[in-house]
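Dropping coords_33.csv in here (CSV, C-alpha atoms):
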chain,number,residue,atom,x,y,z
A,1141,MET,CA,267.3,-47.1,42.0
A,1142,GLN,CA,269.5,-47.4,45.1
A,1143,VAL,CA,270.7,-44.2,46.7
A,1144,VAL,CA,273.0,-43.1,49.6
A,1145,VAL,CA,271.2,-40.5,51.8
A,1146,TRP,CA,273.3,-37.9,53.5
A,1147,ALA,CA,272.7,-34.6,55.4
A,1148,ALA,CA,274.2,-31.2,55.1
A,1149,ALA,CA,273.0,-27.7,56.3
A,1150,GLY,CA,270.0,-29.4,58.1
A,1151,GLN,CA,268.6,-31.0,55.0
A,1152,HIS,CA,268.7,-34.5,53.6
A,1153,TYR,CA,270.0,-35.3,50.1
A,1154,ALA,CA,270.6,-38.4,48.0
A,1155,VAL,CA,273.1,-39.5,45.4
A,1156,GLU,CA,272.8,-42.6,43.2
A,1157,MET,CA,274.7,-45.6,44.6
A,1158,GLU,CA,276.4,-46.2,41.3
A,1159,ARG,CA,278.1,-42.7,41.6
A,1160,VAL,CA,279.5,-43.5,45.1
A,1161,VAL,CA,283.0,-44.8,45.1
A,1162,GLU,CA,283.6,-44.9,48.9
A,1163,ILE,CA,282.7,-43.3,52.1
A,1164,ILE,CA,285.7,-42.5,54.2
A,1165,PRO,CA,286.5,-40.7,57.5
A,1166,LEU,CA,287.0,-36.9,57.5
A,1167,VAL,CA,290.7,-36.0,56.8
A,1168,SER,CA,292.5,-32.7,56.6
A,1169,ALA,CA,292.6,-31.0,53.2
A,1170,ARG,CA,295.4,-29.0,51.7
A,1171,PRO,CA,293.9,-25.5,51.3
A,1172,ILE,CA,293.8,-23.8,48.0
A,1173,PRO,CA,294.5,-20.0,48.3
A,1174,GLN,CA,291.9,-17.5,47.2
A,1175,THR,CA,289.0,-19.9,46.8
A,1176,ASP,CA,285.5,-19.9,48.3
A,1177,LEU,CA,285.1,-21.4,51.8
A,1178,TRP,CA,283.0,-24.3,50.5
A,1179,LEU,CA,286.1,-25.6,48.7
A,1180,ARG,CA,288.0,-27.1,51.6
A,1181,GLY,CA,291.0,-27.9,49.4
A,1182,LEU,CA,292.6,-31.0,48.0
A,1183,ILE,CA,293.0,-34.5,49.5
A,1184,ASN,CA,295.1,-37.5,48.6
A,1185,TYR,CA,292.6,-40.2,47.7
A,1186,ARG,CA,294.4,-43.4,47.0
A,1187,GLY,CA,297.3,-41.6,45.3
A,1188,GLN,CA,295.1,-39.1,43.4
A,1189,LEU,CA,294.5,-35.5,44.4
A,1190,ILE,CA,290.8,-34.7,44.4
A,1191,SER,CA,288.9,-31.6,45.4
A,1192,LEU,CA,287.0,-31.7,48.7
A,1193,LEU,CA,283.8,-29.7,48.8
A,1194,ASP,CA,282.1,-28.8,52.1
A,1195,MET,CA,278.5,-29.4,51.2
A,1196,ALA,CA,277.0,-27.7,54.2
A,1197,SER,CA,278.9,-24.5,53.4
A,1198,LEU,CA,278.1,-24.8,49.7
A,1199,LEU,CA,274.4,-25.1,50.5
A,1200,GLY,CA,274.4,-22.0,52.7
A,1201,GLY,CA,274.9,-23.4,56.1
A,1202,ALA,CA,277.9,-23.4,58.5
A,1203,ALA,CA,280.9,-25.5,57.6
A,1204,CYS,CA,280.7,-29.2,58.4
A,1205,PRO,CA,282.3,-29.5,61.9
A,1206,ALA,CA,285.1,-32.0,62.5
A,1207,ARG,CA,283.3,-34.7,64.4
A,1208,MET,CA,282.8,-38.4,64.2
A,1209,ALA,CA,279.5,-38.2,62.3
A,1210,CYS,CA,281.1,-36.3,59.4
A,1211,ARG,CA,282.4,-38.3,56.5
A,1212,ILE,CA,283.8,-37.8,53.0
A,1213,LEU,CA,281.6,-39.2,50.3
A,1214,VAL,CA,283.8,-39.9,47.3
A,1215,ALA,CA,281.7,-39.8,44.1
A,1216,ARG,CA,282.1,-39.9,40.4
A,1217,VAL,CA,280.8,-36.8,38.7
A,1218,ARG,CA,280.7,-35.6,35.1
A,1219,LEU,CA,282.3,-32.1,34.7
A,1220,PRO,CA,282.6,-32.4,31.1
A,1221,ALA,CA,284.7,-35.5,31.7
A,1222,GLU,CA,284.1,-38.0,34.6
A,1223,THR,CA,286.2,-37.2,37.6
A,1224,LEU,CA,286.2,-37.9,41.4
A,1225,LEU,CA,285.1,-35.4,44.0
A,1226,GLY,CA,285.1,-35.6,47.8
A,1227,LEU,CA,282.0,-34.3,49.5
A,1228,THR,CA,282.0,-33.6,53.2
A,1229,VAL,CA,278.7,-34.6,54.6
A,1230,GLU,CA,277.3,-34.6,58.1
A,1231,GLN,CA,275.7,-38.0,58.3
So that I can check it, write out the structure of this file as structure tokens.
Amino acid sequence: MQVVVWAAAGQHYAVEMERVVEIIPLVSARPIPQTDLWLRGLINYRGQLISLLDMASLLGGAACPARMACRILVARVRLPAETLLGLTVEQ
């Protein structure tokens, strides 16, 4: 099994390579009012609006800072149906 290893909140994690669609630079998200801080908002990914999750914040750390090492990992997930999610990761 091949994986993509990424970091958030000072820990390393992995996601199966077959789930990864693309890794893109950090972009601004359109905020969604009255949501948790770990939900950064929505981004336009190739003409499709997808949710952008801040993985460091979701895992109990400080929000992922806007710097060159941070990226968006676009992945396929099953949430009853398969959908795309953007995950902000630190490395």
(request) For Val1160 (chain A), list every protein, DNA or RNA residue within 8 Å, evaluated using all atoms listed in the file, and leave out those in the same chain fewer than 3 positions away; present the list as number ranges by chain. (result) A: 1144, 1155-1157, 1163, 1213-1216
(message) Using all atoms listed in the file, can you tell me which of A:Ala1209, A:Leu1166, A:Ile1172, A:Leu1227 comes closest to Leu1193 (chain A)?
(response)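 The shortest atom-to-atom distance to Leu1193 (chain A) comes from A:Leu1227.
Taking CA of Gly1226 (chain A) and CA of Ile1212 (chain A) as the two end points, the separation is 5.8 Å.
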(request) Do a neighbour search on Leu1182 (chain A) at 8 Å with all atoms listed in the file, toss out local chain neighbours closer than 4 positions, and write the hits as a list in words. (result) Ala1169, Arg1170, Pro1171, Ile1172, Leu1189, Ile1190, Ser1191 and Leu1192 of chain A
For the residues in the current selection, export C-alpha atoms as a PDB file, in the coordinates of the input.
ATOM      1  CA  ALA A1169     292.600 -31.000  53.200  1.00  0.00           C
ATOM      2  CA  ARG A1170     295.400 -29.000  51.700  1.00  0.00           C
ATOM      3  CA  PRO A1171     293.900 -25.500  51.300  1.00  0.00           C
ATOM      4  CA  ILE A1172     293.800 -23.800  48.000  1.00  0.00           C
ATOM      5  CA  LEU A1189     294.500 -35.500  44.400  1.00  0.00           C
ATOM      6  CA  ILE A1190     290.800 -34.700  44.400  1.00  0.00           C
ATOM      7  CA  SER A1191     288.900 -31.600  45.400  1.00  0.00           C
ATOM      8  CA  LEU A1192     287.000 -31.700  48.700  1.00  0.00           C
TER       9      LEU A1192
END
(request) Can you work out which one of A:Arg1159, A:Tyr1185, A:Gly1200, A:Met1208 has the shortest atom-to-atom distance to Glu1222 (chain A), counting all atoms listed in the file? (result)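 Answer, going by the shortest atom-to-atom distance: A:Arg1159.
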(request) Find the residue from A:Cys1204, A:Leu1179, A:Cys1210, A:Leu1199 that sits nearest to Leu1225 (chain A); use only C-alpha atoms when measuring. (result)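 Distance minimum relative to Leu1225 (chain A) lands on A:Leu1179.
In this model, the gap between CA of Thr1175 (chain A) and CA of Ala1221 (chain A) comes to 22.1 Å.
For the pair CA of Arg1186 (chain A) and CA of Gln1174 (chain A), the separation is 26.0 Å.
Distances to Ala1149 (chain A) were evaluated for A:Pro1165, A:Gly1201, A:Arg1218, A:Leu1224 using all atoms listed in the file, and the minimum falls at A:Gly1201.
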Is there a way to complete region 1200-1211 of chain A with all heavy atoms and then write that out as an mmCIF file, in the coordinates of the input?
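Ended up saving to part-v8.cif:
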data_model
loop_
_atom_site.group_PDB
_atom_site.id
_atom_site.type_symbol
_atom_site.label_atom_id
_atom_site.label_comp_id
_atom_site.auth_asym_id
_atom_site.auth_seq_id
_atom_site.Cartn_x
_atom_site.Cartn_y
_atom_site.Cartn_z
ATOM 1 N N GLY A 1200 274.775 -23.147 51.901
ATOM 2 C CA GLY A 1200 274.400 -22.000 52.700
ATOM 3 C C GLY A 1200 274.412 -22.082 54.159
ATOM 4 O O GLY A 1200 274.032 -21.159 54.870
ATOM 5 N N GLY A 1201 274.858 -23.195 54.687
ATOM 6 C CA GLY A 1201 274.900 -23.400 56.100
ATOM 7 C C GLY A 1201 276.343 -23.141 56.646
ATOM 8 O O GLY A 1201 277.224 -22.687 55.928
ATOM 9 N N ALA A 1202 276.534 -23.467 57.924
ATOM 10 C CA ALA A 1202 277.900 -23.400 58.500
ATOM 11 C C ALA A 1202 278.695 -24.573 58.023
ATOM 12 O O ALA A 1202 278.148 -25.616 57.644
ATOM 13 C CB ALA A 1202 277.746 -23.438 60.046
ATOM 14 N N ALA A 1203 279.998 -24.419 58.028
ATOM 15 C CA ALA A 1203 280.900 -25.500 57.600
ATOM 16 C C ALA A 1203 280.668 -26.761 58.385
ATOM 17 O O ALA A 1203 280.319 -26.710 59.567
ATOM 18 C CB ALA A 1203 282.335 -25.040 57.684
ATOM 19 N N CYS A 1204 280.874 -27.879 57.743
ATOM 20 C CA CYS A 1204 280.700 -29.200 58.400
ATOM 21 C C CYS A 1204 281.770 -29.264 59.532
ATOM 22 O O CYS A 1204 282.964 -29.117 59.283
ATOM 23 C CB CYS A 1204 280.950 -30.293 57.391
ATOM 24 S SG CYS A 1204 280.684 -31.937 58.047
ATOM 25 N N PRO A 1205 281.320 -29.481 60.765
ATOM 26 C CA PRO A 1205 282.300 -29.500 61.900
ATOM 27 C C PRO A 1205 283.089 -30.831 61.847
ATOM 28 O O PRO A 1205 282.642 -31.844 61.302
ATOM 29 C CB PRO A 1205 281.369 -29.494 63.113
ATOM 30 C CG PRO A 1205 280.070 -30.055 62.648
ATOM 31 C CD PRO A 1205 279.949 -29.682 61.198
ATOM 32 N N ALA A 1206 284.279 -30.769 62.406
ATOM 33 C CA ALA A 1206 285.100 -32.000 62.500
ATOM 34 C C ALA A 1206 284.686 -32.820 63.644
ATOM 35 O O ALA A 1206 285.112 -32.624 64.775
ATOM 36 C CB ALA A 1206 286.596 -31.535 62.629
ATOM 37 N N ARG A 1207 283.773 -33.748 63.370
ATOM 38 C CA ARG A 1207 283.300 -34.700 64.400
ATOM 39 C C ARG A 1207 283.112 -36.056 63.799
ATOM 40 O O ARG A 1207 283.117 -36.219 62.585
ATOM 41 C CB ARG A 1207 282.050 -34.169 65.084
ATOM 42 C CG ARG A 1207 280.886 -33.971 64.181
ATOM 43 C CD ARG A 1207 279.672 -33.497 64.971
ATOM 44 N NE ARG A 1207 278.601 -33.231 64.040
ATOM 45 C CZ ARG A 1207 277.758 -32.239 64.140
ATOM 46 N NH1 ARG A 1207 277.852 -31.410 65.157
ATOM 47 N NH2 ARG A 1207 276.817 -32.085 63.258
ATOM 48 N N MET A 1208 282.911 -37.043 64.639
ATOM 49 C CA MET A 1208 282.800 -38.400 64.200
ATOM 50 C C MET A 1208 281.730 -38.695 63.177
ATOM 51 O O MET A 1208 281.864 -39.556 62.322
ATOM 52 C CB MET A 1208 282.675 -39.362 65.396
ATOM 53 C CG MET A 1208 283.875 -39.393 66.314
ATOM 54 S SD MET A 1208 285.349 -40.068 65.528
ATOM 55 C CE MET A 1208 284.909 -41.768 65.397
ATOM 56 N N ALA A 1209 280.623 -37.971 63.235
ATOM 57 C CA ALA A 1209 279.500 -38.200 62.300
ATOM 58 C C ALA A 1209 279.777 -37.706 60.905
ATOM 59 O O ALA A 1209 279.120 -38.126 59.959
ATOM 60 C CB ALA A 1209 278.233 -37.555 62.858
ATOM 61 N N CYS A 1210 280.754 -36.820 60.759
ATOM 62 C CA CYS A 1210 281.100 -36.300 59.400
ATOM 63 C C CYS A 1210 281.936 -37.263 58.656
ATOM 64 O O CYS A 1210 282.814 -37.906 59.209
ATOM 65 C CB CYS A 1210 281.801 -34.945 59.559
ATOM 66 S SG CYS A 1210 280.752 -33.662 60.246
ATOM 67 N N ARG A 1211 281.655 -37.358 57.372
ATOM 68 C CA ARG A 1211 282.400 -38.300 56.500
ATOM 69 C C ARG A 1211 282.667 -37.593 55.162
ATOM 70 O O ARG A 1211 282.110 -36.546 54.846
ATOM 71 C CB ARG A 1211 281.542 -39.525 56.206
ATOM 72 C CG ARG A 1211 281.256 -40.373 57.410
ATOM 73 C CD ARG A 1211 282.503 -41.186 57.764
ATOM 74 N NE ARG A 1211 282.224 -42.141 58.819
ATOM 75 C CZ ARG A 1211 282.644 -42.003 60.060
ATOM 76 N NH1 ARG A 1211 283.327 -40.946 60.410
ATOM 77 N NH2 ARG A 1211 282.392 -42.917 60.974
#
